[in-house]
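Shown next: my_file_33.txt, given as compact mmCIF, C-alpha atoms.
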```txt
# COMPACT_ATOMS: atom_id res chain seq x y z
CA MET A 828 -14.23 84.98 -33.54
CA ARG A 829 -17.89 84.31 -34.10
CA LEU A 830 -19.64 81.36 -32.44
CA THR A 831 -20.18 79.63 -35.81
CA SER A 832 -16.48 79.84 -36.67
CA LYS A 833 -15.56 78.50 -33.23
CA CYS A 834 -17.95 75.59 -33.66
CA LEU A 835 -16.60 74.82 -37.12
CA ALA A 836 -13.02 74.96 -35.84
CA ALA A 837 -13.84 72.59 -32.94
CA TRP A 838 -15.63 70.21 -35.31
CA GLY A 839 -12.66 70.30 -37.69
CA CYS A 840 -10.25 69.47 -34.86
CA GLY A 841 -12.51 66.59 -33.83
CA VAL A 842 -12.56 65.19 -37.36
CA VAL A 843 -8.79 65.46 -37.76
CA SER A 844 -8.05 63.80 -34.41
CA THR A 845 -10.55 61.01 -35.15
CA VAL A 846 -8.90 60.34 -38.49
CA LEU A 847 -5.46 60.30 -36.88
CA ALA A 848 -6.65 57.93 -34.14
CA ALA A 849 -8.22 55.61 -36.71
CA GLU A 850 -4.94 55.43 -38.59
CA ALA A 851 -3.06 54.31 -35.46
CA ASP A 852 -2.02 50.66 -35.67
CA PRO A 853 -3.89 48.82 -32.86
CA GLN A 854 -1.05 46.32 -32.59
CA ARG A 855 1.23 49.09 -31.43
CA ILE A 856 -0.92 49.69 -28.33
CA VAL A 857 1.39 48.89 -25.45
CA ILE A 858 0.19 47.77 -22.05
CA VAL A 859 2.24 49.23 -19.21
CA ALA A 860 2.17 47.36 -15.92
CA ASP A 861 1.79 49.41 -12.74
CA SER A 862 4.93 48.76 -10.74
CA ARG A 863 4.34 51.47 -8.11
CA GLN A 864 3.00 49.08 -5.47
CA ALA A 865 5.18 46.11 -6.41
CA SER A 866 8.24 45.22 -4.41
CA GLY A 867 10.95 42.57 -4.46
CA TRP A 868 10.68 39.97 -7.20
CA LYS A 869 7.19 41.27 -8.22
CA ALA A 870 8.80 44.64 -8.98
CA TRP A 871 11.58 42.91 -10.94
CA LEU A 872 8.99 41.00 -12.99
CA THR A 873 6.86 44.06 -13.65
CA ASN A 874 9.87 46.16 -14.68
CA LEU A 875 11.07 43.36 -16.96
CA TYR A 876 7.62 43.35 -18.60
CA ASN A 877 7.68 47.12 -19.06
CA GLU A 878 11.23 47.19 -20.44
CA SER A 879 11.11 44.35 -22.93
CA TYR A 880 8.39 41.92 -24.01
CA LEU A 881 11.12 39.74 -25.54
CA TYR A 882 12.99 39.26 -22.26
CA PHE A 883 9.67 38.79 -20.48
CA ALA A 884 8.74 36.04 -22.97
CA LEU A 885 12.12 34.36 -22.48
CA ALA A 886 11.69 34.52 -18.72
CA THR A 887 8.17 33.01 -19.01
CA VAL A 888 9.34 30.16 -21.25
CA LEU A 889 12.12 29.33 -18.77
CA ILE A 890 10.43 29.90 -15.41
CA ILE A 891 7.13 28.04 -15.89
CA PRO A 892 8.52 24.69 -17.14
CA ILE A 893 11.27 24.75 -14.51
CA ALA A 894 8.77 25.49 -11.74
CA GLY A 895 6.42 22.78 -13.04
CA LEU A 896 9.21 20.21 -13.21
CA ALA A 897 10.46 21.11 -9.72
CA ILE A 898 7.01 20.63 -8.19
CA GLY A 899 6.52 17.46 -10.22
CA LYS A 900 9.78 16.11 -8.82
CA LEU A 901 8.65 16.93 -5.26
CA MET A 902 5.45 14.97 -5.93
CA ASP A 903 7.60 12.09 -7.21
CA VAL A 904 9.56 12.03 -3.94
CA LEU A 905 6.33 12.10 -1.91
CA LEU A 906 4.66 9.32 -3.91
CA VAL A 907 7.76 7.10 -3.83
CA ALA A 908 7.91 7.62 -0.06
CA LEU A 909 4.27 6.44 0.10
CA GLY A 910 5.24 3.32 -1.87
CA VAL A 911 3.54 4.00 -5.21
CA ASP A 912 5.18 2.36 -8.23
CA LEU A 913 6.01 5.19 -10.63
CA LYS A 914 7.84 3.13 -13.23
CA SER A 915 5.36 0.69 -14.61
CA ARG A 916 1.71 -0.04 -15.15
CA ARG A 917 -0.33 -3.05 -16.22
CA LEU A 918 0.00 -4.43 -19.73
CA ALA A 919 -1.24 -2.03 -22.40
CA GLU A 920 -4.78 -2.53 -23.61
CA HIS A 921 -7.15 -0.38 -25.55
CA MET B 1233 -9.64 38.27 4.22
CA GLU B 1234 -7.45 40.67 2.27
CA TRP B 1235 -4.58 38.19 2.31
CA LEU B 1236 -6.65 35.91 0.07
CA TYR B 1237 -6.41 38.45 -2.74
CA THR B 1238 -3.22 39.36 -4.53
CA ASN B 1239 -2.51 42.10 -7.03
CA MET B 1240 -1.64 41.00 -10.55
CA PRO B 1241 0.59 43.87 -11.69
CA ILE B 1242 0.49 43.16 -15.43
CA ALA B 1243 -3.24 42.52 -15.87
CA GLY B 1244 -3.95 45.21 -13.24
CA VAL B 1245 -6.53 43.17 -11.30
CA GLU B 1246 -6.90 41.77 -7.78
CA ILE B 1247 -7.26 38.00 -7.89
CA PHE B 1248 -8.45 35.40 -5.38
CA TRP B 1249 -5.24 33.33 -5.50
CA PRO B 1250 -6.59 30.11 -3.87
CA GLY B 1251 -8.99 30.00 -6.82
CA LEU B 1252 -5.97 29.91 -9.14
CA ILE B 1253 -4.49 26.95 -7.27
CA VAL B 1254 -7.80 25.05 -7.25
CA LEU B 1255 -8.39 25.75 -10.96
CA GLY B 1256 -4.82 24.72 -11.75
CA LEU B 1257 -5.18 21.54 -9.68
CA GLY B 1258 -8.45 20.55 -11.37
CA VAL B 1259 -7.20 21.28 -14.88
CA GLY B 1260 -3.89 19.52 -14.15
CA VAL B 1261 -5.70 16.37 -13.04
CA ILE B 1262 -7.92 16.35 -16.14
CA SER B 1263 -5.16 17.13 -18.60
CA GLY B 1264 -2.80 14.53 -17.10
CA PHE B 1265 -5.59 11.96 -17.32
CA PHE B 1266 -6.95 12.75 -20.79
CA GLY B 1267 -3.81 14.03 -22.44
CA MET B 1268 -4.86 17.53 -23.38
CA GLY B 1269 -3.97 21.08 -22.45
CA GLY B 1270 -7.37 22.03 -21.07
CA GLY B 1271 -7.63 25.49 -22.62
CA TRP B 1272 -11.41 25.13 -22.97
CA MET B 1273 -11.62 24.84 -19.15
CA VAL B 1274 -8.91 27.29 -18.12
CA THR B 1275 -9.99 30.30 -20.18
CA PRO B 1276 -13.55 30.62 -18.76
CA GLY B 1277 -12.18 29.82 -15.30
CA LEU B 1278 -9.63 32.63 -15.40
CA ASN B 1279 -12.21 35.01 -16.89
CA ILE B 1280 -14.52 34.21 -13.94
CA LEU B 1281 -11.72 34.92 -11.47
CA GLY B 1282 -11.41 38.40 -12.96
CA PHE B 1283 -8.90 38.34 -15.81
CA PRO B 1284 -9.68 40.24 -19.00
CA MET B 1285 -10.23 37.72 -21.83
CA ALA B 1286 -6.91 38.30 -23.65
CA PHE B 1287 -5.02 37.69 -20.41
CA ALA B 1288 -7.22 34.69 -19.57
CA ILE B 1289 -6.25 33.06 -22.89
CA GLY B 1290 -2.55 33.99 -22.75
CA THR B 1291 -2.09 33.04 -19.10
CA GLY B 1292 -3.98 29.77 -19.58
CA ILE B 1293 -1.78 28.74 -22.48
CA ALA B 1294 1.39 29.83 -20.66
CA GLN B 1295 0.67 27.76 -17.56
CA MET B 1296 0.00 24.69 -19.73
CA SER B 1297 3.67 24.13 -20.53
CA GLY B 1298 4.72 23.26 -16.96
CA PRO B 1299 2.21 20.52 -16.05
CA SER B 1300 2.16 19.02 -19.55
CA LEU B 1301 5.95 18.52 -19.34
CA VAL B 1302 5.47 16.83 -15.96
CA SER B 1303 2.71 14.61 -17.35
CA THR B 1304 4.77 13.73 -20.45
CA LEU B 1305 7.69 12.59 -18.32
CA ARG B 1306 5.37 10.59 -16.06
CA HIS B 1307 3.60 8.93 -19.00
CA GLY B 1308 7.01 8.33 -20.60
CA ARG B 1309 8.08 6.27 -17.56
CA PHE B 1310 4.93 4.20 -17.94
CA GLY B 1311 5.80 3.58 -21.59
CA ASN B 1312 2.87 5.69 -22.80
CA VAL B 1313 4.77 8.16 -25.00
CA ASP B 1314 5.75 7.29 -28.55
CA TYR B 1315 8.25 10.10 -29.14
CA ARG B 1316 8.81 9.19 -32.78
CA LEU B 1317 5.09 9.42 -33.46
CA GLY B 1318 4.90 12.64 -31.45
CA VAL B 1319 7.69 14.35 -33.39
CA ILE B 1320 6.18 13.38 -36.76
CA MET B 1321 2.79 14.68 -35.64
CA VAL B 1322 4.18 18.00 -34.35
CA LEU B 1323 5.34 18.84 -37.87
CA GLY B 1324 1.90 18.10 -39.32
CA THR B 1325 0.12 19.94 -36.50
CA VAL B 1326 2.12 23.16 -36.94
CA CYS B 1327 1.48 23.24 -40.71
CA GLY B 1328 -2.19 22.40 -40.18
CA PHE B 1329 -2.56 25.07 -37.52
CA GLU B 1330 -1.15 27.71 -39.86
CA ALA B 1331 -3.53 26.55 -42.60
CA GLY B 1332 -6.37 26.84 -40.08
CA ALA B 1333 -5.33 30.38 -39.16
CA GLN B 1334 -5.30 31.32 -42.89
CA THR B 1335 -8.80 29.83 -43.21
CA ILE B 1336 -9.94 32.07 -40.36
CA MET B 1337 -8.44 35.12 -42.12
CA TRP B 1338 -10.42 34.19 -45.27
CA LEU B 1339 -13.66 33.70 -43.28
CA GLU B 1340 -13.04 37.07 -41.63
CA ARG B 1341 -12.66 38.75 -45.04
CA ILE B 1342 -16.01 37.36 -46.20
CA GLY B 1343 -17.60 38.34 -42.86
CA ARG B 1344 -18.55 34.83 -41.70
CA VAL B 1345 -16.10 34.09 -38.95
CA ASP B 1346 -18.23 34.07 -35.78
CA LEU B 1347 -21.11 32.01 -37.10
CA TYR B 1348 -19.04 29.38 -38.94
CA VAL B 1349 -16.51 28.87 -36.18
CA ARG B 1350 -19.10 28.36 -33.45
CA TYR B 1351 -21.13 25.89 -35.51
CA ALA B 1352 -17.97 24.13 -36.73
CA TYR B 1353 -16.84 23.69 -33.12
CA LEU B 1354 -20.23 22.30 -32.13
CA ALA B 1355 -20.28 19.90 -35.10
CA LEU B 1356 -16.75 18.75 -34.24
CA LEU B 1357 -17.61 18.09 -30.59
CA ALA B 1358 -20.78 16.23 -31.62
CA LEU B 1359 -18.73 14.04 -34.01
CA ILE B 1360 -16.15 13.25 -31.31
CA ALA B 1361 -18.86 12.40 -28.74
CA TRP B 1362 -20.63 10.18 -31.31
CA LEU B 1363 -17.33 8.41 -32.12
CA VAL B 1364 -16.53 7.73 -28.48
CA PHE B 1365 -19.97 6.43 -27.47
CA THR B 1366 -20.41 4.36 -30.64
CA ASP B 1367 -16.99 2.82 -30.03
CA ILE B 1368 -17.91 1.97 -26.42
CA ALA B 1369 -21.27 0.49 -27.48
CA LYS B 1370 -19.63 -1.65 -30.21
CA LYS B 1371 -16.97 -2.92 -27.82
CA ARG B 1372 -19.64 -3.87 -25.25
CA ARG B 1373 -21.56 -5.74 -27.97
CA LYS B 1374 -18.40 -7.66 -28.94
CA GLU B 1375 -17.77 -8.56 -25.28
CA GLN B 1376 -21.33 -9.85 -24.89
CA GLU B 1377 -21.07 -11.88 -28.09
CA ALA B 1378 -17.77 -13.37 -26.93
CA LEU B 1379 -19.28 -14.19 -23.53
CA ALA B 1380 -22.29 -15.84 -25.18
CA ALA B 1381 -19.90 -17.92 -27.31
CA GLY B 1382 -18.00 -18.96 -24.19
CA ARG B 1383 -14.73 -17.21 -25.06
CA LYS B 1384 -12.86 -14.17 -23.78
CA LEU B 1385 -12.48 -11.10 -25.98
CA ASP B 1386 -8.92 -10.05 -26.85
CA ALA B 1387 -7.76 -7.15 -24.61
CA LEU B 1388 -6.54 -5.29 -27.70
CA SER B 1389 -9.89 -5.49 -29.43
CA THR B 1390 -11.71 -2.21 -30.08
CA GLY B 1391 -15.19 -1.11 -31.15
CA ILE B 1392 -14.52 1.29 -34.02
CA GLU B 1393 -11.68 0.01 -36.21
CA TRP B 1394 -11.21 2.70 -38.86
CA HIS B 1395 -7.45 2.64 -38.19
CA LYS B 1396 -7.21 -0.89 -39.56
CA ARG B 1397 -8.42 0.28 -42.96
CA LEU B 1398 -6.05 3.25 -42.90
CA HIS B 1399 -3.11 1.01 -41.94
CA ARG B 1400 -3.64 -0.94 -45.19
CA ILE B 1401 -2.54 2.16 -47.14
CA GLN B 1402 1.15 1.35 -47.22
CA LEU B 1403 2.44 4.50 -48.91
CA PRO B 1404 6.23 4.72 -48.35
CA PRO B 1405 7.88 5.42 -46.05
CA VAL B 1406 6.29 2.80 -43.81
CA VAL B 1407 7.27 3.28 -40.17
CA HIS B 1408 7.03 1.04 -37.12
CA PHE B 1409 5.92 2.98 -34.05
CA LYS B 1410 7.16 0.69 -31.31
CA LYS B 1411 5.45 2.13 -28.25
CA ALA B 1412 2.14 2.54 -30.05
CA GLY B 1413 2.50 -0.98 -31.48
CA ILE B 1414 1.50 0.06 -34.98
CA ARG B 1415 3.10 -0.17 -38.38
CA CYS B 1416 1.80 2.22 -40.97
CA SER B 1417 2.68 4.77 -43.61
CA ALA B 1418 4.29 7.89 -42.11
CA TRP B 1419 1.75 9.87 -44.16
CA LEU B 1420 -1.04 8.63 -41.91
CA PRO B 1421 0.08 10.44 -38.72
CA ILE B 1422 1.22 13.42 -40.82
CA GLY B 1423 -2.17 13.64 -42.53
CA VAL B 1424 -4.09 13.12 -39.29
CA SER B 1425 -2.02 15.74 -37.46
CA PHE B 1426 -2.41 18.22 -40.34
CA LEU B 1427 -6.18 17.71 -40.22
CA THR B 1428 -6.36 18.07 -36.42
CA GLY B 1429 -4.03 21.08 -36.54
CA TRP B 1430 -6.22 22.71 -39.22
CA LEU B 1431 -9.38 22.06 -37.16
CA ALA B 1432 -7.69 23.43 -34.00
CA GLY B 1433 -6.54 26.51 -35.91
CA VAL B 1434 -10.07 27.12 -37.24
CA VAL B 1435 -11.96 26.70 -33.94
CA GLY B 1436 -9.21 28.33 -31.88
CA ILE B 1437 -8.25 25.61 -29.44
CA GLY B 1438 -4.98 23.89 -28.60
CA GLY B 1439 -5.88 20.65 -30.30
CA GLY B 1440 -5.62 18.02 -27.58
CA LEU B 1441 -9.40 17.64 -27.53
CA ILE B 1442 -9.30 16.64 -31.22
CA ARG B 1443 -5.90 14.96 -31.38
CA MET B 1444 -6.48 12.42 -28.60
CA PRO B 1445 -9.49 10.74 -30.28
CA ALA B 1446 -7.76 11.08 -33.69
CA LEU B 1447 -4.77 9.15 -32.33
CA ILE B 1448 -7.12 6.42 -31.10
CA TYR B 1449 -9.58 6.11 -33.98
CA LEU B 1450 -7.52 7.11 -37.03
CA VAL B 1451 -3.93 6.22 -36.13
CA GLY B 1452 -4.87 3.24 -33.93
CA CYS B 1453 -2.95 4.02 -30.72
CA PRO B 1454 -3.96 2.29 -27.50
CA THR B 1455 -5.73 4.80 -25.22
CA HIS B 1456 -2.86 5.24 -22.75
CA VAL B 1457 -0.32 5.81 -25.56
CA ALA B 1458 -2.68 8.31 -27.20
CA VAL B 1459 -2.87 10.20 -23.89
CA GLY B 1460 0.90 10.25 -23.36
CA THR B 1461 1.83 11.08 -26.96
CA ASP B 1462 -0.77 13.84 -27.11
CA LEU B 1463 0.68 15.34 -23.92
CA PHE B 1464 4.09 15.41 -25.58
CA GLU B 1465 2.62 17.56 -28.35
CA VAL B 1466 0.73 19.73 -25.85
CA ALA B 1467 4.02 20.37 -24.01
CA ILE B 1468 5.62 21.61 -27.22
CA SER B 1469 2.66 23.74 -28.28
CA GLY B 1470 2.32 25.02 -24.70
CA LEU B 1471 5.91 26.27 -24.75
CA TYR B 1472 5.33 27.96 -28.08
CA GLY B 1473 2.06 29.46 -26.78
CA ALA B 1474 3.77 30.70 -23.61
CA GLY B 1475 6.43 32.42 -25.71
CA THR B 1476 4.16 34.01 -28.27
CA TYR B 1477 1.52 35.32 -25.84
CA SER B 1478 4.20 36.65 -23.48
CA TYR B 1479 5.87 38.39 -26.41
CA LYS B 1480 2.52 40.01 -27.18
CA GLY B 1481 2.32 41.12 -23.53
CA ARG B 1482 -0.82 39.14 -22.71
CA THR B 1483 0.49 36.80 -19.99
CA GLU B 1484 0.23 37.36 -16.25
CA LEU B 1485 3.32 35.39 -15.24
CA LEU B 1486 2.53 35.49 -11.53
CA ALA B 1487 -0.90 33.93 -12.10
CA ALA B 1488 0.53 31.38 -14.53
CA LEU B 1489 3.10 30.39 -11.89
CA ILE B 1490 0.48 29.99 -9.15
CA MET B 1491 -1.72 27.93 -11.48
CA ALA B 1492 1.23 25.86 -12.69
CA ALA B 1493 2.02 24.95 -9.07
CA GLY B 1494 -1.46 23.46 -8.60
CA ALA B 1495 -1.47 22.00 -12.10
CA ALA B 1496 1.89 20.23 -11.66
CA VAL B 1497 0.48 18.42 -8.61
CA GLY B 1498 -2.75 17.66 -10.46
CA ALA B 1499 -0.88 16.46 -13.56
CA GLN B 1500 0.95 13.84 -11.49
CA ILE B 1501 -2.33 12.67 -9.96
CA GLY B 1502 -4.07 12.52 -13.34
CA SER B 1503 -1.19 10.74 -15.07
CA ILE B 1504 -0.80 8.15 -12.31
CA ALA B 1505 -4.57 7.62 -12.16
CA THR B 1506 -4.37 6.21 -15.74
CA LYS B 1507 -2.57 3.22 -14.20
CA TYR B 1508 -5.73 2.28 -12.35
CA VAL B 1509 -8.32 2.94 -15.05
CA ARG B 1510 -8.88 0.76 -18.12
CA GLY B 1511 -8.55 2.33 -21.54
CA TYR B 1512 -12.29 2.25 -22.14
CA GLY B 1513 -12.89 3.86 -18.76
CA ILE B 1514 -10.76 6.79 -19.90
CA ARG B 1515 -12.68 6.94 -23.21
CA LEU B 1516 -16.06 7.03 -21.43
CA LEU B 1517 -15.02 9.90 -19.17
CA PHE B 1518 -13.55 11.71 -22.18
CA GLY B 1519 -16.85 11.33 -24.02
CA LEU B 1520 -18.72 12.86 -21.07
CA ALA B 1521 -16.25 15.78 -20.95
CA VAL B 1522 -16.81 16.43 -24.67
CA LEU B 1523 -20.61 16.34 -24.21
CA GLY B 1524 -20.36 18.86 -21.38
CA CYS B 1525 -18.19 21.12 -23.52
CA ALA B 1526 -20.68 20.86 -26.42
CA LEU B 1527 -23.55 21.78 -24.11
CA SER B 1528 -21.70 24.88 -22.91
CA ILE B 1529 -21.16 25.94 -26.56
CA ILE B 1530 -24.93 25.52 -27.16
CA PHE B 1531 -25.60 27.78 -24.16
CA LYS B 1532 -23.19 30.35 -25.59
CA LEU B 1533 -24.95 30.19 -28.98
CA ILE B 1534 -28.34 30.69 -27.31
CA ALA B 1535 -26.91 33.62 -25.33
CA ALA B 1536 -25.53 35.22 -28.51
CA ALA B 1537 -28.82 34.79 -30.42
CA ASN B 1538 -31.16 35.96 -27.62
CA PRO B 1539 -30.07 39.20 -25.91
CA GLY B 1540 -32.92 38.85 -23.40
CA VAL B 1541 -31.45 35.71 -21.83
CA ARG B 1542 -27.78 36.43 -22.58
CA THR B 1543 -26.63 36.80 -18.99
CA LEU B 1544 -28.52 33.69 -17.87
CA PHE B 1545 -27.07 31.41 -20.55
CA ASP B 1546 -23.57 32.92 -20.39
CA THR B 1547 -23.55 32.24 -16.65
CA ALA B 1548 -24.98 28.75 -17.18
CA ALA B 1549 -22.19 27.98 -19.69
CA THR B 1550 -19.49 29.08 -17.25
CA ILE B 1551 -21.04 27.17 -14.34
CA LEU B 1552 -21.31 24.08 -16.53
CA ILE B 1553 -17.63 24.18 -17.52
CA LEU B 1554 -16.39 24.82 -14.00
CA GLY B 1555 -18.81 22.22 -12.60
CA LEU B 1556 -17.47 19.73 -15.14
CA VAL B 1557 -13.90 20.47 -14.02
CA VAL B 1558 -14.85 19.87 -10.37
CA VAL B 1559 -16.82 16.65 -11.03
CA LEU B 1560 -14.29 15.11 -13.44
CA ALA B 1561 -11.25 16.06 -11.36
CA GLY B 1562 -13.01 14.76 -8.24
CA HIS B 1563 -13.83 11.44 -9.90
CA ILE B 1564 -10.25 11.02 -11.19
CA LEU B 1565 -8.90 11.86 -7.72
CA VAL B 1566 -11.14 9.18 -6.19
CA GLN B 1567 -9.84 6.64 -8.77
CA PHE B 1568 -6.28 7.69 -7.90
CA ILE B 1569 -6.78 7.27 -4.14
CA ARG B 1570 -8.58 3.95 -4.59
CA GLY B 1571 -5.88 2.68 -6.93
CA VAL B 1572 -3.04 3.74 -4.65
CA ARG B 1573 -4.73 2.06 -1.67
CA GLU B 1574 -5.16 -1.21 -3.60
CA GLU B 1575 -1.58 -1.07 -4.87
CA LEU B 1576 -0.17 -0.51 -1.40
CA ALA B 1577 -2.39 -3.25 0.08
CA ALA B 1578 -1.24 -5.69 -2.64
CA LYS B 1579 2.37 -4.76 -1.96
CA LYS B 1580 1.89 -5.30 1.77
CA SER B 1581 0.28 -8.74 1.31
CA ARG B 1582 3.10 -9.78 -1.08
CA LEU B 1583 5.61 -8.73 1.57
CA VAL B 1584 3.78 -10.72 4.27
CA GLU B 1585 3.68 -13.83 2.02
CA THR B 1586 7.40 -13.54 1.27
CA ARG B 1587 8.24 -13.30 4.95
CA SER B 1588 6.06 -16.25 5.90
```

How would this structure read if it were set down as structure tokens?
Amino acid sequence: MRLTSKCLAAWGCGVVSTVLAAEADPQRIVIVADSRQASGWKAWLTNLYNESYLYFALATVLIIPIAGLAIGKLMDVLLVALGVDLKSRRLAEH
Amino acid sequence: MEWLYTNMPIAGVEIFWPGLIVLGLGVGVISGFFGMGGGWMVTPGLNILGFPMAFAIGTGIAQMSGPSLVSTLRHGRFGNVDYRLGVIMVLGTVCGFEAGAQTIMWLERIGRVDLYVRYAYLALLALIAWLVFTDIAKKRRKEQEALAAGRKLDALSTGIEWHKRLHRIQLPPVVHFKKAGIRCSAWLPIGVSFLTGWLAGVVGIGGGLIRMPALIYLVGCPTHVAVGTDLFEVAISGLYGAGTYSYKGRTELLAALIMAAGAAVGAQIGSIATKYVRGYGIRLLFGLAVLGCALSIIFKLIAAANPGVRTLFDTAATILILGLVVVLAGHILVQFIRGVREELAAKKSRLVETRS
């Protein structure tokens, strides 16, 4: 094949692949987490993320509030032990 | 020092994890004190620590749900949460937010999104700062006039009283919001929350920054009730945000968990600190926070308009926000420690008097 034909063929392939790439829906780009170096619960979390965003979202919505509330409760116990009144404050004012 | 860095498997970055705890602690203190989610502080903070922007936003919103729940429960015990008002406002906020998102889509179609949103945000922050400082100045003037007349000003008196005019619009159904101590048409909080939701949807923030002053100046809530009720809404929107960003795969759960640990501690400190600070003290600090945020937006605008100084002003904006977090959180922590000391000393002296 002559050089010109080869160049035209390469250019044609480039154009076609660019058009195909442009047509790809960007929302369908999936991020895959690297679980190769993760172990234990980190590996479980990463694999959950890779398998299903829905289950990952459910896990997030459950884990974070529960963790926050648990730590908040620990703070409650500590502050009550110190003697801070956690049930009332002065009369409301603006 | 390798142990100070941990791998975030989803975002694919190595993060300085003590920075996450400190950021969470600072943001937790501020959000528990002012009654907002703190997205405008968390996002640049996480970006600085090394998260790509999409993950910074998603992780920041996800971590918000934990400490805001803690703060809501704490403020609820103090009698600062009007749940009825909060539920009514959530409905308006969600509709308003969606309307705001549609507005953004329209602005995007006509090619004006970046410019309009930045300037709209700046104008909004300037209005809020003006409201707060004018209110404080008017209240001070009233106190001085009362002092000159030899009387004491009513504790429930305020500077700006726009809510009184709005309360006169008695469009049915008229509702009594017990904790907030106001009686008004249900359409007032619905309208206010729709407006604040629309503004939040347009400028791309959670809404606490707008909703808290709206609750004070338009609905007429006392400051502490505005803080607590706003946190109730932030908790709900935080849960929704956590779900939607995780579903889109843009949340680093490990980082959100580490931040939430610090933020839950900070939220308790911030919420309890409101016991020891007068309502107008909270408003003044809020006004300063808004001014700092506005200044950082100005820096960002200068950076966008002048490529030659972009790095300088982008860095200045980030330093300003993080500096603001440190200074505000530090000040609130000092108020908390001082207040706890005084409370324990008062308790001790009461005990001594009882025994003697």

If I wrap all listed atoms of stretch 1525-1540 of chain B in a box with edges along x, y and z and add 8 Å on each side, what are its centre and edge lengths in Å to one decimal, as lines of an AutoDock Vina configuration file?
```
center_x = -25.6
center_y = 30.0
center_z = -26.7
size_x = 30.7
size_y = 34.3
size_z = 23.5
```

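If you measure from each of A:Ala908, A:Leu875, A:Asp861, A:Ala886 to chain B using all atoms listed in the file, the closest one turns out to be A:Asp861.
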
Select, from B:His1395, B:Arg1383, B:Arg1309, B:Lys1370, the residue with the minimum atom-to-atom distance to chain A, counting only C-alpha atoms. B:Arg1309

Point out the residue among B:Ala1505, B:Ile1401, B:Val1566, B:Leu1552 with the least atom-to-atom distance to chain A, counting only C-alpha atoms.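 So, comparing all the options, the nearest one is B:Ala1505.
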
Can you list, as a PyMOL selection string, every protein, DNA or RNA residue that comes within 12 Å of stretch 1418-1427 of chain B when you count all atoms listed in the file, leaving out same-chain residues fewer than 6 positions away? chain B and resi 1316-1332+1395-1409+1412+1433-1434+1439-1440+1442-1453+1461-1462+1465

Atom CA of B:Pro1454 to atom CA of B:Tyr1512, distance in Å rounded to a single decimal: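 Value for the atom CA of B:Pro1454-atom CA of B:Tyr1512 distance: 9.9 Å.
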
Give as a ChimeraX atom specification each residue that has an atom at most 7 Å from (6.0, 16.3, -13.5) in the file, counting only C-alpha atoms. /A:895-896,898-900 /B:1299,1301-1303,1305-1306,1496,1499-1500

For the selection just defined, write its residues with C-alpha atoms to a file, as a PDB file, in the frame of the given file.
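Generated output (selection10.pdb):
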```pdb
ATOM      1  CA  GLY A 895       6.420  22.780 -13.040  1.00  0.00           C
ATOM      2  CA  LEU A 896       9.210  20.210 -13.210  1.00  0.00           C
ATOM      3  CA  ILE A 898       7.010  20.630  -8.190  1.00  0.00           C
ATOM      4  CA  GLY A 899       6.520  17.460 -10.220  1.00  0.00           C
ATOM      5  CA  LYS A 900       9.780  16.110  -8.820  1.00  0.00           C
TER       6      LYS A 900
ATOM      7  CA  PRO B1299       2.210  20.520 -16.050  1.00  0.00           C
ATOM      8  CA  LEU B1301       5.950  18.520 -19.340  1.00  0.00           C
ATOM      9  CA  VAL B1302       5.470  16.830 -15.960  1.00  0.00           C
ATOM     10  CA  SER B1303       2.710  14.610 -17.350  1.00  0.00           C
ATOM     11  CA  LEU B1305       7.690  12.590 -18.320  1.00  0.00           C
ATOM     12  CA  ARG B1306       5.370  10.590 -16.060  1.00  0.00           C
ATOM     13  CA  ALA B1496       1.890  20.230 -11.660  1.00  0.00           C
ATOM     14  CA  ALA B1499      -0.880  16.460 -13.560  1.00  0.00           C
ATOM     15  CA  GLN B1500       0.950  13.840 -11.490  1.00  0.00           C
TER      16      GLN B1500
END
```

State, in Å with one decimal place, the distance from atom CA of B:Ser1263 to atom CA of A:Leu881.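 The value is 28.7 Å.
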
Output stretch 896-902 of chain A as an mmCIF file, in the frame of the given file, making sure N, CA and C atoms are there.
```cif
data_model
loop_
_atom_site.group_PDB
_atom_site.id
_atom_site.type_symbol
_atom_site.label_atom_id
_atom_site.label_comp_id
_atom_site.auth_asym_id
_atom_site.auth_seq_id
_atom_site.Cartn_x
_atom_site.Cartn_y
_atom_site.Cartn_z
ATOM 1 N N LEU A 896 8.381 21.418 -13.385
ATOM 2 C CA LEU A 896 9.210 20.210 -13.210
ATOM 3 C C LEU A 896 9.659 20.057 -11.766
ATOM 4 N N ALA A 897 10.011 21.176 -11.112
ATOM 5 C CA ALA A 897 10.460 21.110 -9.720
ATOM 6 C C ALA A 897 9.348 20.578 -8.818
ATOM 7 N N ILE A 898 8.144 21.091 -9.013
ATOM 8 C CA ILE A 898 7.010 20.630 -8.190
ATOM 9 C C ILE A 898 6.659 19.197 -8.527
ATOM 10 N N GLY A 899 6.761 18.850 -9.810
ATOM 11 C CA GLY A 899 6.520 17.460 -10.220
ATOM 12 C C GLY A 899 7.501 16.515 -9.539
ATOM 13 N N LYS A 900 8.748 16.940 -9.459
ATOM 14 C CA LYS A 900 9.780 16.110 -8.820
ATOM 15 C C LYS A 900 9.476 15.931 -7.324
ATOM 16 N N LEU A 901 9.009 17.020 -6.686
ATOM 17 C CA LEU A 901 8.650 16.930 -5.260
ATOM 18 C C LEU A 901 7.528 15.915 -5.064
ATOM 19 N N MET A 902 6.560 15.941 -5.978
ATOM 20 C CA MET A 902 5.450 14.970 -5.930
ATOM 21 C C MET A 902 5.975 13.555 -6.104
#
```
